[in-house]
Amino acid sequence: MDLSGVYTEMIAEHNKSGRNKKHLVEPTIVLKGRNPSCGDEISLELKVCNGVIEDAAFTGIGCAISQASTSMMIDLIRGQNVEKAQEFIDTFLGMIKREITDDDDLEILDEAIALKNISNMPARVKCAVLSWHTLESAIKDEK
Amino acid sequence: MDLSGVYTEMIAEHNKSGRNKKHLVEPTIVLKGRNPSCGDEISLELKVCNGVIEDAAFTGIGCAISQASTSMMIDLIRGQNVEKAQEFIDTFLGMIKREITDDDDLEILDEAIALKNISNMPARVKCAVLSWHTLESAIKDEK
Amino acid sequence: MPNEYIKDFPILQKPMNGKSLVYLDNGATTQKPLSVIQAVDDYYTTFNANPHRGAYDLSVKATEIYEGARETVQKFIGAANSYEVIFTKNATESLNLLAYSYGMNFIESGDEIVISIAEHHSNLVPWQQVAKAKGATLKYIYLDSVGRITQQEIDAKITDKTKIVAVTQVSNVLGIINPIADIVKKAHSVGAIVIVDGAQSVPHFKVDVQALDIDFLVFSGHKMLSPMGIGVLYGKEALLDKMPPFLCGGDMIDYVWEQETTFAPLPAKFEAGTQNVGGAAGLAAAIEYIGKIGFDKIEAIEADLIQYAIPKLKALPYITLYGSDDLSVKTGVIAFNVADIHPHDVSTILDADGVAIRAGHHCAHPLMQYLGVNATCRASLYFYNTREDVDKLIDSLSRVRGVLGYGS
Amino acid sequence: MPNEYIKDFPILQKPMNGKSLVYLDNGATTQKPLSVIQAVDDYYTTFNANPHRGAYDLSVKATEIYEGARETVQKFIGAANSYEVIFTKNATESLNLLAYSYGMNFIESGDEIVISIAEHHSNLVPWQQVAKAKGATLKYIYLDSVGRITQQEIDAKITDKTKIVAVTQVSNVLGIINPIADIVKKAHSVGAIVIVDGAQSVPHFKVDVQALDIDFLVFSGHKMLSPMGIGVLYGKEALLDKMPPFLCGGDMIDYVWEQETTFAPLPAKFEAGTQNVGGAAGLAAAIEYIGKIGFDKIEAIEADLIQYAIPKLKALPYITLYGSDDLSVKTGVIAFNVADIHPHDVSTILDADGVAIRAGHHCAHPLMQYLGVNATCRASLYFYNTREDVDKLIDSLSRVRGVLGYGS
Ligand SMILES: Cc1ncc(COP(=O)(O)O)c(C=O)c1O
Ligand SMILES: Cc1ncc(COP(=O)(O)O)c(C=O)c1O
């Protein structure tokens with residue numbers, strides 16, 4: 001295993017910065033995501049108006065991979081409508097499950113492509129997908 | 001394993017004859033002996049007067065070894081007092097457990113010495129000792 | 001007839017009492033091929049770690065082996081989902097899991113539990129206990145004169161009060177194959193669930209849980225080439241989901257607080273503590289080995305052996321056979337007695353010739369009582385047995401009465 | 001420092017991620033020496049049969065191996081009688097057996113069950129269930145600031161209402177050795193029985209059940225060199241005798257009728273179904289291997305490694321250690337965290353260097369809550385570890401923060 005392919009600078013940066021780790025002023029949706037086997041817990045906050053995710057943030061604890069994955073996801077979905085967010089989710093989960101492998105198809109994920117190598121680490125896959133599953137549940141009723 | 005050392009003529013003879021396999025007219029003690037793992041069951045009948053086993057017999061089902069062992073035991077104890085019967089029991093169980101190995105010490109067992117080789121057959125030891133344990137329980141209160 | 005599989009079984013190459021081993025106690029446990037022994041060794045020499053618990057490579061490998069084995073079992077029995085396959089230590093534990101978790105929670109006073117008189121104690125005593133604890137009635141399906149379950153008995157015993165029907169697919173004494181499809185049909189029509197004891201069937205022919213529409217299936221690895229200490233409980237998702245956990249402890253929880261616990265989803269919910277990964281690896285290798293031979297072949301070999309053996313046994317006038325010998329309802333398990341000779345003596349005498357059979361009640365007291373016998377001999381075959389093995393059995397049997405001083 | 005035992009462990013000879021394996025997850029499961037792997041192989045290639053059930057030679061041999069293993073365990077833990085040793089599949093099953101058979105039958109409403117806050121889920125969730133089912137109270141012994149159980153807590157929590165005290169001898173997170181003798185004294189003075197979870201103690205130092213006067217002891221084979229799928233429950237005869245059976249089925253009965261069953265005496269009463277004879281053979285070989293080294297030696301090696309490791313860990317300013325490092329109450333289990341870095345990341349980063357440690361809650365949620373952490377790292381040693389292993393651990397740890405972009 002090549003560590004530098006996992007803990008890339010971008011992941012380290014997202015994990016450390018805490019840029020998206022905060023409370024929103026008036027979230028319309030707050031949803032907890034849990035990973036019992038790791039003990040990881042995040043709380044995802046969204047402000048959705050007319051099908052558009054105007055803002056997003058999170059709080060909670062977890063490993064660098066889950067924290068970075070959440071932070072990157074928030075960067076991606078901020079300002080997007082829920083249909084687009086679902087497209088991000090499908091693409092991201094497809095990447096981790098190795099169902100989508102073509103770089104062109106992954107391009108929309110932007111920085112989150114950095115998590116591609118997690119698909120080689122079965123023990124850490126759960127960390128990477130936690131926030132994406134949480135988001136999926138959160139926006140289900142908004143579509 | 002040498003079969004002829006186990007199923008000796010004497011054992012075959014005792015098993016077949018059924019000489020001691022019957023009911024007594026007026027038994028003073030009737031005790032059941034069971035070997036759950038084999039399904040064997042014997043019912044030992046004794047007529048004990050003033051500490052002497054005047055007569056003995058048995059009924060029940062079991063393999064050749066348990067039937068022969070019971071029949072030989074009955075031949076041995078008939079007419080003996082309970083102390084002597086206990087001596088037979090101790091000697092027989094000692095033989096099967098290989099605690100008594102000297103032929104001179106075993107001599108009192110007479111025909112029952114034929115069961116000595118059973119001590120080499122762990123799966124069949126229970127068959128050989130069933131009636132002896134039953135007898136021991138039966139005469140406990142007579143001593 | 002040469003048998004191409006014997007070479008795969010180390011133990012069958014070794015002499016027993018100076019003779020080559022004729023192993024005819026496959027109903028009790030089977031021998032293990034080298035590929036199974038090797039799979040377990042490989043696990044311990046290369047991949048051993050506690051699965052599910054570690055983020056390091058070795059633990060991930062152990063998890064892959066363990067979950068891979070679950071998928072192998074899933075495909076083997078045709079389950080819809082791998083998480084419907086729960087690993088246990090043997091069929092007995094699987095049945096007790098059902099008795100404790102399903103029986104003790106969903107059976108009420110006045111309910112009826114139906115089993116057959118041919119059940120192994122492991123599919124009988126647990127239901128006695130449930131019936132007693134819950135004030136339910138334990139009812140028996142009896143057999144016809146040749147050991148079969150008739151439609152009449154099925155209709156008579158399975159009623160509107162029936163909540164559980166627990167029945168063996170193949171009797172471990174008579175080798176008779178029970179009409180599971182008919183039982184399932186009747187049971188489901190009255191809303192009862194069906195538990196199938198596959199201990200003697202799964203190793204010998206294809207059992208497809210979805211095709212049979214059975215609710216639960218149990219079996220033991222050690223009766224189908226794999227090591228001891230691994231067994232299986234299959235259950236339909238909806239049923240397993242509504243059952244409370246059986247064993248509690250590590251790995252079957254989501255969250256634990258001082259006074260409360262939430263439980264993990266399937267299959268973890270039913271797998272407390274460190275599981276037998278080596279055993280699961282062995283079971284997967286056993287299923288692969290069986291798959292390579294194919295059940296068609298296995299059934300053909302066993303059918304050939306029974307067809308060869310039955311007339312030879314019948315030709316010995318002092319032999320009594322129990323149960324039907326109609327090949328359409330019979331596997332390679334043959335129960336018999338030798339006139340005047342107790343089964344234990346038969347077994348000892350055969351052992352001296354290197355022929356291993358079983359003698360006794362075969363963990364089926366009520367069936368013995370029903371048949372009116374104290375014990376029987378049992379020869380049970382598997383695909384590595386040969387006509388030569390049958391010849392040796394017959395040969396040895398023909399000497400038994402002589403050894404004990406009886407004419408033939 | 002050269003370690004003469006490594007050569008006996010095939011897996012320690014194989015590279016992991018291109019580096020030689022530094023296995024520091026012995027608290028989860030240990031590796032297996034060749035002699036153990038070989039003992040299991042020998043069983044399956046030479047003696048395999050269903051024990052207790054056959055009158056033929058092979059079955060007798062299997063019985064001897066199985067019952068011989070029981071005697072080996074008896075001597076190993078100083079039990080008075082071999083039938084006080086019950087084989088299970090792991091410590092978790094042993095504890096559940098006690099919860100179902102002892103707890104559910106002898107605990108009444110208003111009774112108290114006392115455990116420690118450091119219990120593994122396997123010695124915690126079953127007692128929660130018993131307390132709930134029976135209307136009893138589950139009370140916790142808390143720890144002092146360095147993880148120890150004090151006499152004061154013992155006296156405060158064990159009262160006249162206490163019926164069961166179930167406590168681990170060594171914490172699987174902190175490695176702290178609990179004062180079992182003091183607990184037994186207090187518990188017996190109020191008429192309570194004591195269940196000792198020896199999963200983390202029995203592999204590492206001599207545990208003598210009679211000397212400690214404990215009522216029950218449980219442990220797992222796989223944490224002490226033997227294969228998975230075999231565990232032990234020791235119990236005092238008088239207590240085991242009055243307990244009803246747990247699992248029901250083959251081999252644990254005397255007689256079975258359609259509606260009644262009588263049960264076999266110890267130990268068969270608690271061993272339903274076909275047991276893991278291969279596993280028992282492996283456990284016996286493991287105990288022999290440990291016996292050859294001797295606990296004096298094992299303790300000395302582990303003490304040397306902790307004494308070597310603790311100062312080195314303390315020298316890293318970003319490491320937090322949990323629990324006392326007083327060697328008189330500590331085994332080779334070290335819980336720690338790296339500042340700013342989640343334990344799972346630590347474990348992944350160490351794994352890249354071939355260093356296997358565990359990260360998470362270690363099946364001890366309530367202890368995590370008590371310590372106020374979400375998870376920890378854990379390095380757990382055994383006698384085949386070396387100072388070099390510790391060096392590699394420290395070395396790898398010193399790189400962790402850098403990998404995630406933190407200064408050291
Ligand atoms: C203290 C303690 N108790 C019980 C257990 C449970 O052991 P097993 O998983 O082998 O059943 C463990 C190990 O996981 C343990 O460390
Ligand atoms: C029909 C049947 N059911 C259940 C069992 C119990 O299997 P195990 O002893 O492996 O738990 C057996 C075998 O002994 C069996 O033949």
# chains A, B, ... in the order shown; residues from 1 in each chain; ligands from 1
call {"tool": "residues_near_ligand", "arguments": {"ligand": "ligand 1", "cutoff": "6 Å", "atoms": "only C-alpha atoms and all ligand atoms", "output": "VMD selection string"}}
result
(chain C and resid 273 to 274) or (chain D and resid 28 90 to 92 120 122 168 171 to 172 197 199 to 200 220)
call {"tool": "select_by_dssp", "arguments": {"residues": "chain B", "states": "strand (DSSP E or B)", "output": "ChimeraX atom specification"}}
result
/B:21,29-35,40-49,52-61,81
call {"tool": "select_by_dssp", "arguments": {"residues": "stretch 25-117 of chain A", "states": "alpha helix (DSSP H)", "output": "JSON, numbers by chain"}}
result
{"A": [64, 65, 66, 67, 68, 69, 70, 71, 72, 73, 74, 75, 76, 77, 82, 83, 84, 85, 86, 87, 88, 89, 90, 91, 92, 93, 94, 95, 96, 103, 104, 105, 106]}
call {"tool": "closest_residue", "arguments": {"among": "D:Val125, D:Val277, D:Ile293, D:Ile158", "to": "ligand 2", "atoms": "only C-alpha atoms and all ligand atoms"}}
result
D:Val277
call {"tool": "residues_around", "arguments": {"residues": "stretch 22-24 of chain A", "least_positions_apart": "2", "cutoff": "7 Å", "atoms": "only C-alpha atoms", "output": "CSV table (one decimal) with all heavy atoms, in the first residue's frame"}}
result
chain,number,residue,atom,x,y,z
A,20,ASN,N,-15.3,23.5,6.6
A,20,ASN,CA,-16.7,23.2,6.5
A,20,ASN,C,-17.3,22.6,7.8
A,20,ASN,O,-18.4,22.2,7.9
A,20,ASN,CB,-17.0,22.3,5.4
A,20,ASN,CG,-16.6,22.9,4.0
A,20,ASN,OD1,-17.0,24.1,3.8
A,20,ASN,ND2,-16.0,22.2,3.1
A,26,GLU,N,-29.2,28.8,10.0
A,26,GLU,CA,-30.6,28.3,10.0
A,26,GLU,C,-30.7,27.1,9.0
A,26,GLU,O,-31.3,27.2,7.9
A,26,GLU,CB,-31.5,29.4,9.5
A,26,GLU,CG,-31.8,30.4,10.6
A,26,GLU,CD,-32.9,31.4,10.2
A,26,GLU,OE1,-33.1,31.6,9.0
A,26,GLU,OE2,-33.5,32.0,11.1
A,27,PRO,N,-30.2,26.0,9.4
A,27,PRO,CA,-30.3,24.8,8.6
A,27,PRO,C,-31.7,24.4,8.4
A,27,PRO,O,-32.5,24.5,9.3
A,27,PRO,CB,-29.4,23.7,9.3
A,27,PRO,CG,-29.5,24.2,10.8
A,27,PRO,CD,-29.6,25.7,10.8
A,45,GLU,N,-25.5,19.3,8.2
A,45,GLU,CA,-26.5,20.4,8.2
A,45,GLU,C,-26.6,21.0,6.8
A,45,GLU,O,-25.6,21.3,6.1
A,45,GLU,CB,-26.0,21.5,9.2
A,45,GLU,CG,-25.8,21.0,10.6
A,45,GLU,CD,-25.6,22.1,11.6
A,45,GLU,OE1,-25.7,23.3,11.3
A,45,GLU,OE2,-25.3,21.7,12.8
A,57,ALA,N,-22.8,22.3,6.0
A,57,ALA,CA,-21.7,22.2,6.9
A,57,ALA,C,-21.8,20.9,7.7
A,57,ALA,O,-22.8,20.2,7.6
A,57,ALA,CB,-21.7,23.4,7.9
A,58,PHE,N,-20.8,20.6,8.5
A,58,PHE,CA,-21.0,19.4,9.4
A,58,PHE,C,-20.2,19.6,10.7
A,58,PHE,O,-19.3,20.5,10.8
A,58,PHE,CB,-20.4,18.2,8.6
A,58,PHE,CG,-18.9,18.1,8.6
A,58,PHE,CD1,-18.3,17.1,9.4
A,58,PHE,CD2,-18.1,18.9,7.9
A,58,PHE,CE1,-16.9,17.0,9.5
A,58,PHE,CE2,-16.7,18.7,7.9
A,58,PHE,CZ,-16.1,17.8,8.7
A,59,THR,N,-20.6,18.8,11.7
A,59,THR,CA,-19.9,18.6,12.9
A,59,THR,C,-19.7,17.1,13.2
A,59,THR,O,-20.3,16.3,12.5
A,59,THR,CB,-20.6,19.3,14.1
A,59,THR,OG1,-21.9,18.6,14.2
A,59,THR,CG2,-20.8,20.8,13.9
call {"tool": "residues_around", "arguments": {"residues": "B:Lys47", "least_positions_apart": "3", "cutoff": "9 Å", "atoms": "only C-alpha atoms", "output": "number ranges by chain"}}
result
B: 24, 26-30, 52-56
call {"tool": "write_last_selection", "arguments": {"atoms": "all heavy atoms", "output": "PDB file, in the first residue's frame"}}
result
ATOM      1  N   LEU B  24     -35.921 -64.395  39.791  1.00  0.00           N
ATOM      2  CA  LEU B  24     -35.888 -65.214  41.015  1.00  0.00           C
ATOM      3  C   LEU B  24     -37.309 -65.297  41.564  1.00  0.00           C
ATOM      4  O   LEU B  24     -38.147 -64.438  41.279  1.00  0.00           O
ATOM      5  CB  LEU B  24     -34.977 -64.569  42.060  1.00  0.00           C
ATOM      6  CG  LEU B  24     -33.480 -64.513  41.747  1.00  0.00           C
ATOM      7  CD1 LEU B  24     -32.722 -63.965  42.956  1.00  0.00           C
ATOM      8  CD2 LEU B  24     -32.941 -65.886  41.361  1.00  0.00           C
ATOM      9  N   GLU B  26     -38.301 -65.250  44.904  1.00  0.00           N
ATOM     10  CA  GLU B  26     -38.556 -64.214  45.912  1.00  0.00           C
ATOM     11  C   GLU B  26     -37.317 -63.367  46.155  1.00  0.00           C
ATOM     12  O   GLU B  26     -36.671 -63.481  47.196  1.00  0.00           O
ATOM     13  CB  GLU B  26     -39.030 -64.848  47.218  1.00  0.00           C
ATOM     14  CG  GLU B  26     -40.462 -65.319  47.137  1.00  0.00           C
ATOM     15  CD  GLU B  26     -40.970 -65.788  48.499  1.00  0.00           C
ATOM     16  OE1 GLU B  26     -40.147 -66.206  49.339  1.00  0.00           O
ATOM     17  OE2 GLU B  26     -42.187 -65.716  48.715  1.00  0.00           O
ATOM     18  N   PRO B  27     -36.971 -62.515  45.205  1.00  0.00           N
ATOM     19  CA  PRO B  27     -35.765 -61.707  45.400  1.00  0.00           C
ATOM     20  C   PRO B  27     -35.951 -60.747  46.578  1.00  0.00           C
ATOM     21  O   PRO B  27     -37.065 -60.258  46.803  1.00  0.00           O
ATOM     22  CB  PRO B  27     -35.643 -60.944  44.084  1.00  0.00           C
ATOM     23  CG  PRO B  27     -37.024 -60.884  43.542  1.00  0.00           C
ATOM     24  CD  PRO B  27     -37.714 -62.128  43.994  1.00  0.00           C
ATOM     25  N   THR B  28     -34.901 -60.475  47.311  1.00  0.00           N
ATOM     26  CA  THR B  28     -34.978 -59.460  48.376  1.00  0.00           C
ATOM     27  C   THR B  28     -34.538 -58.094  47.847  1.00  0.00           C
ATOM     28  O   THR B  28     -34.885 -57.077  48.399  1.00  0.00           O
ATOM     29  CB  THR B  28     -34.095 -59.850  49.578  1.00  0.00           C
ATOM     30  OG1 THR B  28     -32.737 -59.985  49.121  1.00  0.00           O
ATOM     31  CG2 THR B  28     -34.554 -61.165  50.187  1.00  0.00           C
ATOM     32  N   ILE B  29     -33.762 -58.121  46.808  1.00  0.00           N
ATOM     33  CA  ILE B  29     -33.295 -56.864  46.191  1.00  0.00           C
ATOM     34  C   ILE B  29     -33.432 -56.975  44.670  1.00  0.00           C
ATOM     35  O   ILE B  29     -33.013 -57.978  44.088  1.00  0.00           O
ATOM     36  CB  ILE B  29     -31.799 -56.586  46.502  1.00  0.00           C
ATOM     37  CG1 ILE B  29     -31.553 -56.563  48.017  1.00  0.00           C
ATOM     38  CG2 ILE B  29     -31.342 -55.274  45.868  1.00  0.00           C
ATOM     39  CD1 ILE B  29     -30.078 -56.524  48.390  1.00  0.00           C
ATOM     40  N   VAL B  30     -34.027 -55.938  44.067  1.00  0.00           N
ATOM     41  CA  VAL B  30     -34.047 -55.861  42.599  1.00  0.00           C
ATOM     42  C   VAL B  30     -33.517 -54.477  42.240  1.00  0.00           C
ATOM     43  O   VAL B  30     -34.041 -53.470  42.714  1.00  0.00           O
ATOM     44  CB  VAL B  30     -35.462 -56.043  42.022  1.00  0.00           C
ATOM     45  CG1 VAL B  30     -35.442 -55.881  40.507  1.00  0.00           C
ATOM     46  CG2 VAL B  30     -36.016 -57.407  42.416  1.00  0.00           C
ATOM     47  N   VAL B  52     -25.802 -63.156  53.313  1.00  0.00           N
ATOM     48  CA  VAL B  52     -25.331 -64.115  52.301  1.00  0.00           C
ATOM     49  C   VAL B  52     -26.216 -64.007  51.049  1.00  0.00           C
ATOM     50  O   VAL B  52     -27.443 -63.964  51.155  1.00  0.00           O
ATOM     51  CB  VAL B  52     -25.363 -65.557  52.850  1.00  0.00           C
ATOM     52  CG1 VAL B  52     -25.006 -66.558  51.740  1.00  0.00           C
ATOM     53  CG2 VAL B  52     -24.391 -65.690  54.026  1.00  0.00           C
ATOM     54  N   ILE B  53     -25.557 -63.943  49.906  1.00  0.00           N
ATOM     55  CA  ILE B  53     -26.295 -63.887  48.643  1.00  0.00           C
ATOM     56  C   ILE B  53     -26.679 -65.310  48.275  1.00  0.00           C
ATOM     57  O   ILE B  53     -25.881 -66.054  47.697  1.00  0.00           O
ATOM     58  CB  ILE B  53     -25.432 -63.250  47.540  1.00  0.00           C
ATOM     59  CG1 ILE B  53     -25.020 -61.827  47.944  1.00  0.00           C
ATOM     60  CG2 ILE B  53     -26.198 -63.215  46.208  1.00  0.00           C
ATOM     61  CD1 ILE B  53     -23.959 -61.195  47.057  1.00  0.00           C
ATOM     62  N   GLU B  54     -27.894 -65.695  48.646  1.00  0.00           N
ATOM     63  CA  GLU B  54     -28.281 -67.081  48.446  1.00  0.00           C
ATOM     64  C   GLU B  54     -28.538 -67.393  46.979  1.00  0.00           C
ATOM     65  O   GLU B  54     -28.231 -68.474  46.497  1.00  0.00           O
ATOM     66  CB  GLU B  54     -29.519 -67.405  49.280  1.00  0.00           C
ATOM     67  CG  GLU B  54     -29.205 -67.334  50.763  1.00  0.00           C
ATOM     68  CD  GLU B  54     -30.347 -67.842  51.624  1.00  0.00           C
ATOM     69  OE1 GLU B  54     -31.467 -67.982  51.102  1.00  0.00           O
ATOM     70  OE2 GLU B  54     -30.091 -68.092  52.820  1.00  0.00           O
ATOM     71  N   ASP B  55     -29.081 -66.421  46.274  1.00  0.00           N
ATOM     72  CA  ASP B  55     -29.276 -66.641  44.837  1.00  0.00           C
ATOM     73  C   ASP B  55     -29.227 -65.299  44.116  1.00  0.00           C
ATOM     74  O   ASP B  55     -29.407 -64.242  44.740  1.00  0.00           O
ATOM     75  CB  ASP B  55     -30.605 -67.348  44.562  1.00  0.00           C
ATOM     76  CG  ASP B  55     -30.577 -68.076  43.208  1.00  0.00           C
ATOM     77  OD1 ASP B  55     -29.545 -67.987  42.501  1.00  0.00           O
ATOM     78  OD2 ASP B  55     -31.585 -68.716  42.866  1.00  0.00           O
ATOM     79  N   ALA B  56     -28.971 -65.347  42.821  1.00  0.00           N
ATOM     80  CA  ALA B  56     -28.885 -64.137  42.003  1.00  0.00           C
ATOM     81  C   ALA B  56     -29.281 -64.479  40.577  1.00  0.00           C
ATOM     82  O   ALA B  56     -29.103 -65.625  40.128  1.00  0.00           O
ATOM     83  CB  ALA B  56     -27.473 -63.561  42.028  1.00  0.00           C
TER      84      ALA B  56
END
call {"tool": "calpha_fit_and_write", "arguments": {"fixed": "chain A", "moving": "chain B", "output": "compact mmCIF listing (two decimals) with C-alpha atoms, in the first residue's frame"}}
result
# COMPACT_ATOMS: atom_id res chain seq x y z
CA MET B 1 0.04 -0.03 -0.03
CA ASP B 2 1.35 3.37 -0.97
CA LEU B 3 0.42 5.78 1.82
CA SER B 4 0.98 8.86 -0.30
CA GLY B 5 -1.80 7.66 -2.61
CA VAL B 6 -4.17 7.58 0.36
CA TYR B 7 -3.25 10.44 2.62
CA THR B 8 -2.73 12.96 -0.16
CA GLU B 9 -2.01 16.57 0.59
CA MET B 10 -5.54 17.43 -0.36
CA ILE B 11 -6.99 15.00 2.13
CA ALA B 12 -4.65 16.18 4.84
CA GLU B 13 -5.59 19.74 4.04
CA HIS B 14 -9.36 19.13 4.16
CA ASN B 15 -8.99 17.15 7.36
CA LYS B 16 -7.01 19.86 9.09
CA SER B 17 -8.67 23.00 7.87
CA GLY B 18 -12.08 22.48 9.40
CA ARG B 19 -13.34 24.97 6.83
CA ASN B 20 -16.71 23.22 6.52
CA LYS B 21 -16.82 22.01 10.09
CA LYS B 22 -19.24 24.35 11.85
CA HIS B 23 -22.90 24.95 12.46
CA LEU B 24 -25.14 26.71 9.93
CA VAL B 25 -27.21 29.63 11.12
CA GLU B 26 -30.57 28.33 9.95
CA PRO B 27 -30.25 24.81 8.58
CA THR B 28 -33.41 23.33 7.05
CA ILE B 29 -32.15 19.78 7.45
CA VAL B 30 -29.89 18.30 10.13
CA LEU B 31 -29.11 14.60 9.84
CA LYS B 32 -26.79 12.35 11.82
CA GLY B 33 -24.69 9.73 10.10
CA ARG B 34 -23.13 6.93 12.12
CA ASN B 35 -20.59 4.26 11.55
CA PRO B 36 -21.02 2.01 14.58
CA SER B 37 -18.10 -0.27 13.82
CA CYS B 38 -15.71 2.74 13.82
CA GLY B 39 -17.53 4.87 16.34
CA ASP B 40 -17.55 7.69 13.80
CA GLU B 41 -20.42 10.14 13.93
CA ILE B 42 -21.11 13.16 11.79
CA SER B 43 -23.99 15.57 11.83
CA LEU B 44 -24.70 17.03 8.40
CA GLU B 45 -26.46 20.41 8.20
CA LEU B 46 -28.09 21.62 4.99
CA LYS B 47 -29.94 24.73 4.03
CA VAL B 48 -32.17 23.72 1.12
CA CYS B 49 -34.48 26.24 -0.57
CA ASN B 50 -36.56 25.41 -3.63
CA GLY B 51 -34.52 22.33 -4.34
CA VAL B 52 -31.17 24.11 -4.10
CA ILE B 53 -28.60 23.37 -1.43
CA GLU B 54 -27.74 26.93 -0.55
CA ASP B 55 -25.31 26.04 2.19
CA ALA B 56 -23.93 22.96 3.95
CA ALA B 57 -21.69 22.22 6.92
CA PHE B 58 -20.95 19.40 9.38
CA THR B 59 -19.86 18.65 12.90
CA GLY B 60 -18.73 15.42 14.49
CA ILE B 61 -15.80 13.14 14.91
CA GLY B 62 -14.12 10.69 12.63
CA CYS B 63 -10.90 9.76 10.94
CA ALA B 64 -9.10 11.92 8.39
CA ILE B 65 -10.71 10.05 5.54
CA SER B 66 -14.26 10.55 6.72
CA GLN B 67 -13.60 14.17 7.71
CA ALA B 68 -11.95 14.99 4.38
CA SER B 69 -14.58 13.14 2.42
CA THR B 70 -17.32 15.10 4.17
CA SER B 71 -15.58 18.42 3.66
CA MET B 72 -14.98 17.75 -0.04
CA MET B 73 -18.56 16.68 -0.47
CA ILE B 74 -19.76 19.92 1.06
CA ASP B 75 -17.58 21.97 -1.27
CA LEU B 76 -19.09 20.08 -4.19
CA ILE B 77 -22.76 20.35 -3.31
CA ARG B 78 -22.85 23.90 -2.02
CA GLY B 79 -25.02 25.91 -4.41
CA GLN B 80 -26.13 22.85 -6.41
CA ASN B 81 -29.66 21.57 -6.74
CA VAL B 82 -30.56 18.21 -5.19
CA GLU B 83 -30.62 16.39 -8.53
CA LYS B 84 -27.04 17.40 -9.15
CA ALA B 85 -26.16 16.41 -5.58
CA GLN B 86 -27.61 12.96 -6.28
CA GLU B 87 -25.42 12.73 -9.37
CA PHE B 88 -22.37 13.48 -7.21
CA ILE B 89 -23.46 10.82 -4.73
CA ASP B 90 -23.96 8.21 -7.44
CA THR B 91 -20.63 8.99 -9.02
CA PHE B 92 -18.75 8.98 -5.72
CA LEU B 93 -20.27 5.71 -4.52
CA GLY B 94 -19.68 4.24 -7.98
CA MET B 95 -16.03 5.24 -7.74
CA ILE B 96 -15.57 3.67 -4.31
CA LYS B 97 -17.33 0.48 -5.40
CA ARG B 98 -15.13 0.49 -8.51
CA GLU B 99 -18.21 0.46 -10.71
CA ILE B 100 -17.12 3.75 -12.28
CA THR B 101 -13.43 3.72 -13.13
CA ASP B 102 -13.08 5.97 -16.17
CA ASP B 103 -11.39 9.22 -15.12
CA ASP B 104 -13.62 11.22 -17.49
CA ASP B 105 -16.72 9.96 -15.70
CA LEU B 106 -15.23 10.85 -12.36
CA GLU B 107 -14.17 14.33 -13.35
CA ILE B 108 -17.24 16.00 -11.85
CA LEU B 109 -16.06 14.88 -8.41
CA ASP B 110 -13.20 17.35 -8.61
CA GLU B 111 -11.05 17.14 -5.46
CA ALA B 112 -13.02 14.17 -4.15
CA ILE B 113 -11.28 12.04 -6.82
CA ALA B 114 -8.46 12.04 -4.28
CA LEU B 115 -10.43 9.38 -2.39
CA LYS B 116 -10.35 6.93 -5.29
CA ASN B 117 -7.61 4.82 -3.74
CA ILE B 118 -9.79 4.13 -0.72
CA SER B 119 -11.55 1.57 -2.89
CA ASN B 120 -8.42 -0.57 -2.38
CA MET B 121 -8.80 -0.43 1.39
CA PRO B 122 -11.85 -2.43 2.41
CA ALA B 123 -11.38 -1.52 6.07
CA ARG B 124 -11.66 2.20 5.30
CA VAL B 125 -14.40 2.27 2.66
CA LYS B 126 -17.02 2.88 5.34
CA CYS B 127 -15.17 6.00 6.46
CA ALA B 128 -15.19 7.47 2.97
CA VAL B 129 -18.87 6.87 2.24
CA LEU B 130 -20.44 7.79 5.58
CA SER B 131 -21.23 11.41 4.72
CA TRP B 132 -22.41 10.56 1.20
CA HIS B 133 -24.95 8.06 2.50
CA THR B 134 -26.03 10.61 5.07
CA LEU B 135 -26.50 13.22 2.35
CA GLU B 136 -28.51 10.78 0.24
CA SER B 137 -30.92 10.19 3.13
CA ALA B 138 -31.09 13.90 3.88
CA ILE B 139 -32.16 14.97 0.40
CA LYS B 140 -34.45 12.01 -0.31
CA ASP B 141 -37.53 13.99 0.55
CA GLU B 142 -36.40 17.10 -1.27
CA LYS B 143 -36.59 15.58 -4.71
call {"tool": "interface_residues", "arguments": {"of": "chain C", "to": "chain D", "cutoff": "7 Å", "atoms": "only C-alpha atoms", "output": "number ranges by chain"}}
result
C: 10-11, 28-29, 31-32, 37, 41, 44-46, 48-50, 54-57, 89-90, 92-93, 96, 121-123, 125-126, 128, 228-229, 247-250, 256-259, 272-278, 344, 347-348, 351, 356, 358-359, 363, 365-366
